[in-house]
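Shown here: final.json, JSON, C-alpha atoms and all ligand atoms.
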```json
[["chain", "number", "residue", "atom", "x", "y", "z"],
["Q", 99, "MET", "CA", 113.92, 87.15, 100.36],
["Q", 100, "THR", "CA", 112.32, 90.60, 100.25],
["Q", 101, "GLU", "CA", 111.03, 91.80, 103.62],
["Q", 102, "PHE", "CA", 107.55, 93.24, 103.64],
["Q", 103, "PRO", "CA", 105.95, 95.31, 106.35],
["Q", 104, "ALA", "CA", 103.42, 92.47, 106.66],
["Q", 105, "ASN", "CA", 103.90, 88.81, 105.86],
["Q", 106, "SER", "CA", 100.33, 88.20, 104.77],
["Q", 107, "LEU", "CA", 97.85, 89.43, 102.20],
["Q", 108, "GLN", "CA", 94.34, 90.06, 103.51],
["Q", 109, "CYS", "CA", 92.11, 88.31, 100.99],
["Q", 110, "GLY", "CA", 88.45, 88.35, 102.04],
["Q", 111, "ARG", "CA", 87.81, 85.28, 104.19],
["Q", 112, "TYR", "CA", 91.49, 84.31, 103.95],
["Q", 113, "ARG", "CA", 94.89, 85.59, 105.02],
["Q", 114, "LEU", "CA", 97.45, 84.40, 102.54],
["Q", 115, "VAL", "CA", 101.03, 83.94, 103.71],
["Q", 116, "ILE", "CA", 103.32, 85.90, 101.38],
["Q", 117, "ASP", "CA", 106.59, 85.99, 103.29],
["Q", 118, "GLY", "CA", 108.58, 84.27, 106.04],
["Q", 119, "PRO", "CA", 109.71, 80.66, 106.56],
["Q", 120, "ALA", "CA", 106.34, 79.06, 105.71],
["Q", 121, "PHE", "CA", 106.00, 80.95, 102.45],
["Q", 122, "ARG", "CA", 105.87, 79.37, 99.02],
["Q", 123, "PRO", "CA", 104.83, 81.16, 95.83],
["Q", 124, "LEU", "CA", 101.07, 81.04, 95.45],
["Q", 125, "VAL", "CA", 99.41, 79.70, 92.32],
["Q", 126, "MET", "CA", 96.42, 81.58, 90.94],
["Q", 127, "GLY", "CA", 94.51, 79.42, 88.46],
["Q", 128, "VAL", "CA", 92.74, 81.07, 85.52],
["Q", 129, "LEU", "CA", 89.07, 80.14, 85.14],
["Q", 130, "ASN", "CA", 87.66, 81.76, 82.03],
["Q", 131, "VAL", "CA", 83.90, 81.65, 81.83],
["Q", 132, "THR", "CA", 82.80, 81.60, 78.22],
["Q", 133, "PRO", "CA", 79.26, 82.00, 76.88],
["Q", 134, "ASP", "CA", 77.02, 78.94, 77.12],
["Q", 135, "SER", "CA", 77.64, 76.39, 74.42],
["Q", 136, "PHE", "CA", 75.61, 73.40, 73.34],
["Q", 137, "SER", "CA", 77.41, 70.21, 72.49],
["Q", 138, "ASP", "CA", 75.97, 67.32, 70.44],
["Q", 139, "GLY", "CA", 73.36, 65.41, 72.38],
["Q", 140, "GLY", "CA", 73.24, 66.72, 75.94],
["Q", 141, "ARG", "CA", 73.36, 70.29, 77.07],
["Q", 142, "PHE", "CA", 76.84, 71.25, 78.16],
["Q", 143, "THR", "CA", 76.79, 74.61, 79.88],
["Q", 144, "SER", "CA", 79.68, 76.88, 80.60],
["Q", 145, "LEU", "CA", 78.74, 76.70, 84.29],
["Q", 146, "ASP", "CA", 79.24, 72.92, 84.40],
["Q", 147, "ALA", "CA", 82.50, 73.28, 82.53],
["Q", 148, "ALA", "CA", 83.75, 75.99, 84.87],
["Q", 149, "ILE", "CA", 82.90, 73.98, 87.99],
["Q", 150, "THR", "CA", 84.62, 70.88, 86.64],
["Q", 151, "GLN", "CA", 87.70, 72.90, 85.76],
["Q", 152, "ALA", "CA", 87.75, 74.51, 89.21],
["Q", 153, "GLU", "CA", 87.53, 71.10, 90.89],
["Q", 154, "THR", "CA", 90.50, 69.91, 88.84],
["Q", 155, "MET", "CA", 92.47, 73.00, 89.84],
["Q", 156, "ILE", "CA", 91.68, 72.43, 93.53],
["Q", 157, "GLU", "CA", 92.83, 68.79, 93.31],
["Q", 158, "SER", "CA", 96.02, 70.06, 91.66],
["Q", 159, "GLY", "CA", 96.85, 72.42, 94.55],
["Q", 160, "VAL", "CA", 95.62, 75.83, 93.37],
["Q", 161, "ASP", "CA", 95.78, 78.66, 95.95],
["Q", 162, "ILE", "CA", 93.44, 81.24, 94.37],
["Q", 163, "ILE", "CA", 90.83, 80.81, 91.62],
["Q", 164, "ASP", "CA", 90.62, 83.78, 89.23],
["Q", 165, "ILE", "CA", 87.20, 83.95, 87.56],
["Q", 166, "GLY", "CA", 86.96, 86.06, 84.41],
["Q", 167, "GLY", "CA", 83.92, 86.78, 82.26],
["Q", 168, "GLU", "CA", 85.41, 89.40, 79.95],
["Q", 169, "SER", "CA", 88.00, 88.40, 77.38],
["Q", 170, "THR", "CA", 90.85, 90.89, 77.58],
["Q", 171, "ARG", "CA", 93.13, 89.27, 75.05],
["Q", 172, "PRO", "CA", 94.56, 91.82, 72.59],
["Q", 173, "GLY", "CA", 91.87, 92.81, 70.08],
["Q", 174, "ALA", "CA", 88.99, 91.17, 71.97],
["Q", 175, "PRO", "CA", 85.63, 92.95, 71.59],
["Q", 176, "PRO", "CA", 84.06, 94.39, 74.76],
["Q", 177, "VAL", "CA", 81.45, 92.31, 76.63],
["Q", 178, "PRO", "CA", 78.33, 94.15, 77.94],
["Q", 179, "VAL", "CA", 78.18, 94.40, 81.73],
["Q", 180, "GLU", "CA", 74.95, 92.34, 81.94],
["Q", 181, "GLU", "CA", 76.65, 89.56, 79.99],
["Q", 182, "GLU", "CA", 79.72, 89.69, 82.23],
["Q", 183, "LEU", "CA", 77.50, 89.37, 85.31],
["Q", 184, "ARG", "CA", 75.54, 86.52, 83.71],
["Q", 185, "ARG", "CA", 78.77, 84.61, 83.15],
["Q", 186, "VAL", "CA", 80.53, 85.30, 86.44],
["Q", 187, "MET", "CA", 77.89, 85.39, 89.19],
["Q", 188, "PRO", "CA", 76.67, 81.76, 88.94],
["Q", 189, "VAL", "CA", 80.29, 80.60, 89.12],
["Q", 190, "ILE", "CA", 80.89, 82.61, 92.31],
["Q", 191, "TYR", "CA", 77.77, 81.12, 93.91],
["Q", 192, "ALA", "CA", 78.77, 77.62, 92.84],
["Q", 193, "LEU", "CA", 82.35, 77.90, 94.12],
["Q", 194, "ARG", "CA", 82.13, 80.09, 97.19],
["Q", 195, "ASP", "CA", 82.13, 77.14, 99.55],
["Q", 196, "ALA", "CA", 84.81, 75.23, 97.66],
["Q", 197, "GLY", "CA", 87.45, 76.20, 100.26],
["Q", 198, "LYS", "CA", 89.66, 78.43, 98.08],
["Q", 199, "PRO", "CA", 89.83, 82.21, 97.75],
["Q", 200, "LEU", "CA", 87.87, 83.46, 94.75],
["Q", 201, "SER", "CA", 89.29, 86.31, 92.70],
["Q", 202, "ILE", "CA", 87.20, 88.12, 90.09],
["Q", 203, "ASP", "CA", 88.97, 89.48, 87.03],
["Q", 204, "THR", "CA", 86.96, 92.59, 86.19],
["Q", 205, "ARG", "CA", 87.30, 96.29, 85.41],
["Q", 206, "ARG", "CA", 83.70, 97.21, 86.18],
["Q", 207, "PRO", "CA", 82.49, 98.66, 89.49],
["Q", 208, "GLU", "CA", 79.04, 97.03, 88.99],
["Q", 209, "VAL", "CA", 80.64, 93.60, 88.72],
["Q", 210, "MET", "CA", 82.98, 94.31, 91.65],
["Q", 211, "ARG", "CA", 80.05, 95.28, 93.87],
["Q", 212, "GLU", "CA", 77.96, 92.22, 93.07],
["Q", 213, "ALA", "CA", 80.95, 89.88, 93.30],
["Q", 214, "ILE", "CA", 81.91, 91.17, 96.75],
["Q", 215, "GLU", "CA", 78.32, 90.86, 97.97],
["Q", 216, "ALA", "CA", 78.29, 87.27, 96.73],
["Q", 217, "GLY", "CA", 81.45, 86.45, 98.70],
["Q", 218, "ALA", "CA", 84.40, 87.06, 96.36],
["Q", 219, "ASP", "CA", 87.73, 87.40, 98.20],
["Q", 220, "MET", "CA", 89.78, 89.37, 95.68],
["Q", 221, "ILE", "CA", 89.22, 91.81, 92.82],
["Q", 222, "ASN", "CA", 91.77, 91.56, 90.03],
["Q", 223, "ASP", "CA", 91.51, 94.65, 87.83],
["Q", 224, "ILE", "CA", 93.60, 94.81, 84.64],
["Q", 225, "SER", "CA", 92.96, 98.56, 84.50],
["Q", 226, "GLY", "CA", 94.38, 99.08, 88.01],
["Q", 227, "PHE", "CA", 91.16, 100.45, 89.59],
["Q", 228, "ARG", "CA", 91.04, 103.49, 87.35],
["Q", 229, "ALA", "CA", 87.24, 103.28, 86.95],
["Q", 230, "GLU", "CA", 85.47, 106.04, 88.84],
["Q", 231, "GLY", "CA", 84.19, 104.83, 92.21],
["Q", 232, "SER", "CA", 85.84, 101.40, 92.15],
["Q", 233, "LEU", "CA", 88.16, 102.02, 95.09],
["Q", 234, "ARG", "CA", 85.46, 103.68, 97.16],
["Q", 235, "LEU", "CA", 83.09, 100.77, 96.79],
["Q", 236, "LEU", "CA", 85.74, 98.30, 97.99],
["Q", 237, "ARG", "CA", 86.63, 100.27, 101.09],
["Q", 238, "ASP", "CA", 84.22, 98.59, 103.47],
["Q", 239, "SER", "CA", 84.94, 95.02, 102.43],
["Q", 240, "ASP", "CA", 88.12, 93.13, 103.29],
["Q", 241, "CYS", "CA", 88.81, 91.75, 99.83],
["Q", 242, "ALA", "CA", 92.28, 91.88, 98.30],
["Q", 243, "LEU", "CA", 92.94, 94.11, 95.29],
["Q", 244, "CYS", "CA", 95.32, 93.20, 92.49],
["Q", 245, "ILE", "CA", 96.38, 96.46, 90.83],
["Q", 246, "MET", "CA", 97.61, 95.75, 87.30],
["Q", 247, "HIS", "CA", 99.31, 98.06, 84.82],
["Q", 248, "MET", "CA", 97.95, 98.28, 81.28],
["Q", 249, "GLN", "CA", 98.88, 100.83, 78.63],
["Q", 250, "GLY", "CA", 95.87, 101.68, 76.45],
["Q", 251, "GLU", "CA", 92.81, 99.47, 76.06],
["Q", 252, "PRO", "CA", 92.65, 95.76, 75.17],
["Q", 253, "GLN", "CA", 91.38, 96.38, 71.63],
["Q", 254, "THR", "CA", 94.30, 98.58, 70.60],
["Q", 255, "MET", "CA", 97.00, 98.18, 73.26],
["Q", 256, "GLN", "CA", 99.38, 96.09, 71.12],
["Q", 257, "GLN", "CA", 99.41, 98.53, 68.17],
["Q", 258, "SER", "CA", 102.34, 100.68, 69.27],
["Q", 259, "PRO", "CA", 103.23, 100.40, 72.94],
["Q", 260, "ALA", "CA", 105.79, 103.05, 73.94],
["Q", 261, "TYR", "CA", 107.49, 104.02, 77.21],
["Q", 262, "GLU", "CA", 110.17, 106.41, 78.35],
["Q", 263, "ASP", "CA", 111.44, 103.68, 80.70],
["Q", 264, "VAL", "CA", 109.07, 100.73, 80.98],
["Q", 265, "CYS", "CA", 110.09, 99.63, 84.51],
["Q", 266, "ALA", "CA", 110.03, 103.17, 85.93],
["Q", 267, "ASP", "CA", 106.72, 104.02, 84.19],
["Q", 268, "VAL", "CA", 105.00, 100.82, 85.35],
["Q", 269, "THR", "CA", 106.33, 101.18, 88.90],
["Q", 270, "ALA", "CA", 105.17, 104.81, 89.06],
["Q", 271, "PHE", "CA", 101.66, 103.88, 87.92],
["Q", 272, "LEU", "CA", 101.40, 101.02, 90.44],
["Q", 273, "ALA", "CA", 102.68, 103.27, 93.24],
["Q", 274, "GLN", "CA", 100.15, 105.95, 92.29],
["Q", 275, "GLN", "CA", 97.21, 103.51, 92.28],
["Q", 276, "ALA", "CA", 98.34, 101.91, 95.56],
["Q", 277, "ALA", "CA", 98.46, 105.39, 97.11],
["Q", 278, "ALA", "CA", 94.97, 106.13, 95.72],
["Q", 279, "ALA", "CA", 93.69, 102.92, 97.32],
["Q", 280, "VAL", "CA", 95.19, 103.85, 100.71],
["Q", 281, "GLU", "CA", 93.74, 107.34, 100.29],
["Q", 282, "ALA", "CA", 90.32, 105.74, 99.71],
["Q", 283, "GLY", "CA", 90.64, 103.95, 103.06],
["Q", 284, "ILE", "CA", 91.96, 100.56, 101.88],
["Q", 285, "SER", "CA", 94.74, 99.00, 103.99],
["Q", 286, "ARG", "CA", 98.05, 98.17, 102.28],
["Q", 287, "GLN", "CA", 97.66, 94.66, 103.65],
["Q", 288, "ARG", "CA", 94.94, 94.16, 101.04],
["Q", 289, "LEU", "CA", 97.04, 95.22, 98.05],
["Q", 290, "CYS", "CA", 99.12, 93.37, 95.51],
["Q", 291, "VAL", "CA", 100.58, 94.67, 92.24],
["Q", 292, "ASP", "CA", 101.10, 93.29, 88.75],
["Q", 293, "PRO", "CA", 103.22, 94.76, 85.91],
["Q", 294, "GLY", "CA", 100.68, 93.44, 83.39],
["Q", 295, "PHE", "CA", 102.75, 91.35, 80.98],
["Q", 296, "GLY", "CA", 101.43, 91.66, 77.43],
["Q", 297, "PHE", "CA", 99.10, 94.56, 78.20],
["Q", 298, "GLY", "CA", 100.43, 97.31, 75.95],
["Q", 299, "LYS", "CA", 103.98, 95.91, 75.89],
["Q", 300, "THR", "CA", 106.37, 94.69, 73.23],
["Q", 301, "LEU", "CA", 108.49, 91.58, 73.75],
["Q", 302, "ALA", "CA", 111.40, 93.82, 74.80],
["Q", 303, "HIS", "CA", 109.17, 95.63, 77.35],
["Q", 304, "ASN", "CA", 107.97, 92.30, 78.75],
["Q", 305, "LEU", "CA", 111.53, 91.01, 79.12],
["Q", 306, "ASP", "CA", 112.68, 94.22, 80.81],
["Q", 307, "LEU", "CA", 109.84, 93.89, 83.31],
["Q", 308, "LEU", "CA", 110.39, 90.18, 83.89],
["Q", 309, "ALA", "CA", 114.09, 90.69, 84.56],
["Q", 310, "ARG", "CA", 113.24, 93.37, 87.12],
["Q", 311, "VAL", "CA", 110.27, 91.80, 88.89],
["Q", 312, "GLY", "CA", 112.26, 91.71, 92.15],
["Q", 313, "GLU", "CA", 113.23, 95.37, 91.93],
["Q", 314, "ILE", "CA", 109.69, 96.48, 91.14],
["Q", 315, "GLN", "CA", 108.31, 94.50, 94.07],
["Q", 316, "GLN", "CA", 110.98, 95.88, 96.38],
["Q", 317, "ALA", "CA", 110.39, 99.46, 95.26],
["Q", 318, "LEU", "CA", 106.65, 99.20, 95.95],
["Q", 319, "GLY", "CA", 106.90, 97.10, 99.12],
["Q", 320, "LEU", "CA", 103.84, 95.13, 98.00],
["Q", 321, "PRO", "CA", 103.50, 91.48, 96.91],
["Q", 322, "LEU", "CA", 103.84, 91.11, 93.14],
["Q", 323, "LEU", "CA", 101.67, 88.89, 90.97],
["Q", 324, "ALA", "CA", 103.08, 87.77, 87.61],
["Q", 325, "GLY", "CA", 100.80, 86.64, 84.77],
["Q", 326, "LEU", "CA", 102.90, 85.17, 81.97],
["Q", 327, "SER", "CA", 100.99, 81.99, 81.23],
["Q", 328, "ARG", "CA", 100.36, 81.32, 77.52],
["Q", 329, "LYS", "CA", 101.01, 84.96, 76.64],
["Q", 330, "SER", "CA", 102.18, 85.80, 73.13],
["Q", 331, "MET", "CA", 105.67, 86.55, 74.47],
["Q", 332, "ILE", "CA", 106.03, 82.83, 75.21],
["Q", 333, "ALA", "CA", 105.17, 81.97, 71.59],
["Q", 334, "LYS", "CA", 107.53, 84.66, 70.32],
["Q", 335, "LEU", "CA", 110.40, 83.33, 72.40],
["Q", 336, "THR", "CA", 109.91, 79.70, 71.39],
["Q", 337, "GLY", "CA", 109.32, 80.68, 67.75],
["Q", 338, "LYS", "CA", 106.35, 78.32, 67.63],
["Q", 339, "PRO", "CA", 103.26, 80.50, 67.57],
["Q", 340, "ASP", "CA", 100.72, 77.67, 67.32],
["Q", 341, "ALA", "CA", 102.45, 75.18, 69.57],
["Q", 342, "ASP", "CA", 101.60, 74.26, 73.14],
["Q", 343, "ARG", "CA", 102.82, 77.05, 75.39],
["Q", 344, "THR", "CA", 102.94, 75.05, 78.63],
["Q", 345, "ALA", "CA", 106.70, 74.43, 78.85],
["Q", 346, "GLY", "CA", 107.53, 78.05, 78.05],
["Q", 347, "SER", "CA", 104.92, 79.24, 80.57],
["Q", 348, "LEU", "CA", 106.43, 77.03, 83.28],
["Q", 349, "ALA", "CA", 109.88, 78.49, 82.67],
["Q", 350, "ALA", "CA", 108.45, 82.01, 82.91],
["Q", 351, "ALA", "CA", 106.59, 81.23, 86.15],
["Q", 352, "LEU", "CA", 109.69, 79.71, 87.75],
["Q", 353, "PHE", "CA", 111.83, 82.65, 86.69],
["Q", 354, "ALA", "CA", 109.31, 85.12, 88.15],
["Q", 355, "ALA", "CA", 109.21, 83.09, 91.39],
["Q", 356, "SER", "CA", 113.01, 83.02, 91.55],
["Q", 357, "GLN", "CA", 112.98, 86.83, 91.33],
["Q", 358, "GLY", "CA", 110.64, 86.95, 94.31],
["Q", 359, "ALA", "CA", 107.15, 87.12, 92.74],
["Q", 360, "ARG", "CA", 104.67, 86.08, 95.41],
["Q", 361, "ILE", "CA", 101.83, 84.92, 93.16],
["Q", 362, "VAL", "CA", 101.88, 83.43, 89.67],
["Q", 363, "ARG", "CA", 98.72, 83.47, 87.54],
["Q", 364, "VAL", "CA", 98.59, 80.36, 85.35],
["Q", 365, "HIS", "CA", 96.39, 78.15, 83.18],
["Q", 366, "ASP", "CA", 98.32, 74.91, 83.80],
["Q", 367, "VAL", "CA", 97.89, 74.58, 87.56],
["Q", 368, "ALA", "CA", 99.03, 70.98, 88.08],
["Q", 369, "GLU", "CA", 102.23, 71.46, 86.08],
["Q", 370, "THR", "CA", 103.03, 74.78, 87.77],
["Q", 371, "VAL", "CA", 102.46, 73.40, 91.28],
["Q", 372, "ASP", "CA", 104.84, 70.48, 90.53],
["Q", 373, "ALA", "CA", 107.47, 72.74, 88.99],
["Q", 374, "LEU", "CA", 107.34, 75.17, 91.92],
["Q", 375, "ARG", "CA", 107.61, 72.34, 94.46],
["Q", 376, "VAL", "CA", 110.77, 71.00, 92.84],
["Q", 377, "TRP", "CA", 112.30, 74.44, 92.36],
["Q", 378, "GLN", "CA", 111.49, 75.45, 95.90],
["Q", 379, "ALA", "CA", 112.81, 72.29, 97.53],
["Q", 380, "ALA", "CA", 116.14, 72.88, 95.80],
["Q", 381, "ALA", "CA", 116.16, 76.64, 96.45],
["Q", 382, "SER", "CA", 115.31, 76.37, 100.16],
["Q", 383, "HIS", "CA", 117.77, 73.50, 100.63],
["Q", 384, "ARG", "CA", 120.50, 75.66, 99.15],
["Q", 385, "THR", "CA", 119.61, 78.60, 101.44],
["Q", 386, "HIS", "CA", 119.72, 76.21, 104.40],
["Q", 387, "GLU", "CA", 123.11, 74.79, 103.35],
["Q", 388, "THR", "CA", 124.54, 78.28, 102.89],
["Q", 389, "ARG", "CA", 123.35, 79.28, 106.36],
["Q", 390, "LYS", "CA", 125.03, 76.21, 107.86],
["Q", 391, "GLN", "CA", 128.30, 77.10, 106.19],
["Q", 392, "ARG", "CA", 128.20, 80.76, 107.13],
["Q", 393, "PRO", "CA", 126.53, 81.18, 110.52],
["Q", 394, "ALA", "CA", 125.14, 84.69, 110.91],
["F", 401, "LIG", "C1", 96.30, 88.97, 83.42],
["F", 401, "LIG", "C2", 95.15, 89.18, 84.16],
["F", 401, "LIG", "C3", 97.56, 89.22, 84.04],
["F", 401, "LIG", "C4", 96.35, 89.84, 86.02],
["F", 401, "LIG", "C5", 94.62, 88.50, 82.18],
["F", 401, "LIG", "C6", 95.50, 86.32, 79.68],
["F", 401, "LIG", "C7", 94.80, 87.60, 79.51],
["F", 401, "LIG", "N1", 95.15, 89.60, 85.45],
["F", 401, "LIG", "N2", 94.09, 88.89, 83.36],
["F", 401, "LIG", "N3", 97.53, 89.67, 85.34],
["F", 401, "LIG", "N4", 95.96, 88.51, 82.19],
["F", 401, "LIG", "N5", 96.40, 90.27, 87.28],
["F", 401, "LIG", "O1", 95.28, 85.54, 80.60],
["F", 401, "LIG", "O2", 96.31, 86.03, 78.76],
["F", 401, "LIG", "O3", 98.65, 89.09, 83.47],
["F", 401, "LIG", "S1", 93.63, 88.03, 80.83]]
```
How does this structure look as structure tokens?
Amino acid sequence: MTEFPANSLQCGRYRLVIDGPAFRPLVMGVLNVTPDSFSDGGRFTSLDAAITQAETMIESGVDIIDIGGESTRPGAPPVPVEEELRRVMPVIYALRDAGKPLSIDTRRPEVMREAIEAGADMINDISGFRAEGSLRLLRDSDCALCIMHMQGEPQTMQQSPAYEDVCADVTAFLAQQAAAAVEAGISRQRLCVDPGFGFGKTLAHNLDLLARVGEIQQALGLPLLAGLSRKSMIAKLTGKPDADRTAGSLAAALFAASQGARIVRVHDVAETVDALRVWQAAASHRTHETRKQRPA
């Protein structure tokens, strides 16, 4: 397994183990907060729905809850900052004592600031903290930062993604933003990186990156988070665009974990936790057997 300078990720109120004998890949569960909706009869708010979903994730063994109030799917229209805050903040207040690290999926410094003040443990930024002032405002907290690579902007990023060398380009961007974070006074122990599957990438780009997750992580010396769950690449590979993407997403998560990814970001938490447990029992048993046969 890759050796890191540190075997933990500083994540607000938590220190997450990301290496060493006690390590197992961490599962980040996606909690999308949609605008309030009214169902027949009673009032069914998005806050109630989000809390229920978070409770289910916790029972299923989630390690980090990733709260997002801005849809960043390809082609999605932008959400005003006030609306993003209105969606996300009540969920942070409702879940901050739930016993799990809370990550906030946002690109906006205003949302980052309020989320950190309310007790968020991690900021997950699909734009890799390119917004002016975002790194500076996080300096004095101890939250984790997930630096993700995205080419272009969500509305247009899938129109014609192009790279000289996708793995080299993505690695260079992540290294540059990690250096900018350190320059801004943020310890490397608070950083993780993400190649940003599906964010300005063709299927071929995504497969190149997935195959080289281990190399990218090694080159940066930072824990890598892989978000493959329900992405369009899964539908493209199965050839069933409208079908359930769970099985394909599980295969992708296990492959990323087998390449050394430290965190997987998923929608299907219970299924992913089970799959990782089985994979890891077999993988660590094999390592153990190999050590017995060939003493160091
Ligand atoms: C990702 C994300 C991802 C990280 C989204 C979706 C689109 N954050 N936020 N990595 N994807 N770090 O879930 O399909 O891949 S939103």
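For the set Q:Ala273, Q:Val364, Q:Ala309, Q:Leu193, the residue with the smallest atom-to-atom gap to ligand LIG 401 (chain F) is Q:Val364, counting all atoms listed in the file.
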Taking all atoms listed in the file and a cut-off of 7 Å, can you tell me which residues surround ligand LIG 401 (chain F), written as a PDB file with C-alpha atoms, in the coordinates of the input?
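Wrote it out as selection-v9.pdb, contents follow:
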```pdb
ATOM      1  CA  SER Q 169      88.000  88.400  77.380  1.00  0.00           C
ATOM      2  CA  THR Q 170      90.850  90.890  77.580  1.00  0.00           C
ATOM      3  CA  ARG Q 171      93.130  89.270  75.050  1.00  0.00           C
ATOM      4  CA  ASP Q 203      88.970  89.480  87.030  1.00  0.00           C
ATOM      5  CA  ASN Q 222      91.770  91.560  90.030  1.00  0.00           C
ATOM      6  CA  ASP Q 223      91.510  94.650  87.830  1.00  0.00           C
ATOM      7  CA  ILE Q 224      93.600  94.810  84.640  1.00  0.00           C
ATOM      8  CA  CYS Q 244      95.320  93.200  92.490  1.00  0.00           C
ATOM      9  CA  MET Q 246      97.610  95.750  87.300  1.00  0.00           C
ATOM     10  CA  ASP Q 292     101.100  93.290  88.750  1.00  0.00           C
ATOM     11  CA  GLY Q 294     100.680  93.440  83.390  1.00  0.00           C
ATOM     12  CA  PHE Q 295     102.750  91.350  80.980  1.00  0.00           C
ATOM     13  CA  LEU Q 323     101.670  88.890  90.970  1.00  0.00           C
ATOM     14  CA  ALA Q 324     103.080  87.770  87.610  1.00  0.00           C
ATOM     15  CA  GLY Q 325     100.800  86.640  84.770  1.00  0.00           C
ATOM     16  CA  LEU Q 326     102.900  85.170  81.970  1.00  0.00           C
ATOM     17  CA  SER Q 327     100.990  81.990  81.230  1.00  0.00           C
ATOM     18  CA  ARG Q 328     100.360  81.320  77.520  1.00  0.00           C
ATOM     19  CA  LYS Q 329     101.010  84.960  76.640  1.00  0.00           C
ATOM     20  CA  ARG Q 363      98.720  83.470  87.540  1.00  0.00           C
TER      21      ARG Q 363
END
```
Excluding Arg194 in chain Q and any residue of its chain fewer than 5 positions from it, enumerate the residues within 10 Å of it, using all atoms listed in the file, and give them as a PDB file with C-alpha atoms, in the frame of the given file.
```pdb
ATOM      1  CA  VAL Q 189      80.290  80.600  89.120  1.00  0.00           C
ATOM      2  CA  PRO Q 199      89.830  82.210  97.750  1.00  0.00           C
ATOM      3  CA  LEU Q 200      87.870  83.460  94.750  1.00  0.00           C
ATOM      4  CA  ALA Q 216      78.290  87.270  96.730  1.00  0.00           C
ATOM      5  CA  GLY Q 217      81.450  86.450  98.700  1.00  0.00           C
ATOM      6  CA  ALA Q 218      84.400  87.060  96.360  1.00  0.00           C
ATOM      7  CA  ASP Q 219      87.730  87.400  98.200  1.00  0.00           C
TER       8      ASP Q 219
END
```
Nearest to Glu215 in chain Q, restricted to only C-alpha atoms and choosing among Q:Ala345, Q:Ile284, Q:Leu235, Q:Ile165, comes out as Q:Leu235
Nearest to His365 in chain Q: which of Q:Ala278, Q:Cys109, Q:Leu289, Q:Met126 is it, counting all atoms listed in the file?
->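 Going through Q:Ala278, Q:Cys109, Q:Leu289, Q:Met126 one by one, the smallest distance to His365 in chain Q is for Q:Met126.
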Surrounding residues of Val131 in chain Q excluding itself and chain neighbours under 3 positions, 12 Å, all atoms listed in the file, as a VMD selection string = chain Q and resid 128 134 to 135 143 to 152 164 to 169 181 to 190 202 to 203
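Restricting the calculation to only C-alpha atoms, the smallest distance between Arg288 in chain Q and any of Q:Thr370, Q:Thr132, Q:Ser239, Q:Thr154 is found for Q:Ser239.
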Report as a Markdown table the residues of range 214-311 of chain Q within 7 Å of range 110-117 of chain Q, each with its shortest atom pair and distance in Å (one decimal), using only C-alpha atoms, ordered by chain and increasing residue number.
```
| residue | atom | partner | partner_atom | distance |
| --- | --- | --- | --- | --- |
| Q:Asp219 | CA | Q:Gly110 | CA | 4.0 |
| Q:Met220 | CA | Q:Gly110 | CA | 6.6 |
| Q:Asp240 | CA | Q:Gly110 | CA | 5.0 |
| Q:Cys241 | CA | Q:Gly110 | CA | 4.1 |
| Q:Ala242 | CA | Q:Gly110 | CA | 6.4 |
```
Residues within 8 Å of (95.4, 90.9, 70.6), counting only C-alpha atoms, listed as a PyMOL selection string | chain Q and resi 171-174+252-256
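Atom to atom, CA of Arg286 in chain Q and CA of Gln249 in chain Q stand 23.8 Å apart.
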To one decimal place, how far is CA of Leu233 in chain Q from CA of Pro293 in chain Q in Å?
->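 Interatomic distance here is 19.1 Å.
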For Val160 in chain Q, work out the shell of residues within 8 Å, counting all atoms listed in the file and skipping chain neighbours fewer than 5 positions away, then give it as a VMD selection string.
-> chain Q and resid 124 to 127 155 367 to 368 371
Selection: 9 Å around Thr269 in chain Q, all atoms listed in the file, excl. self and same-chain fewer than 4 positions, as a list in words = His247, Val264, Cys265, Ala273, Gln274, Pro293, Ile314, Gln315, Ala317 and Leu318 of chain Q
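CA of Leu308 in chain Q to CA of Ser356 in chain Q spans 10.8 Å [interatomic distance, one decimal].
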Of the residues Q:Ala350, Q:Arg360, Q:Ser232, Q:Ile221, which is the one nearest to Asp161 in chain Q, using all atoms listed in the file?
->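 Result for the nearest residue to Asp161 in chain Q: Q:Arg360.
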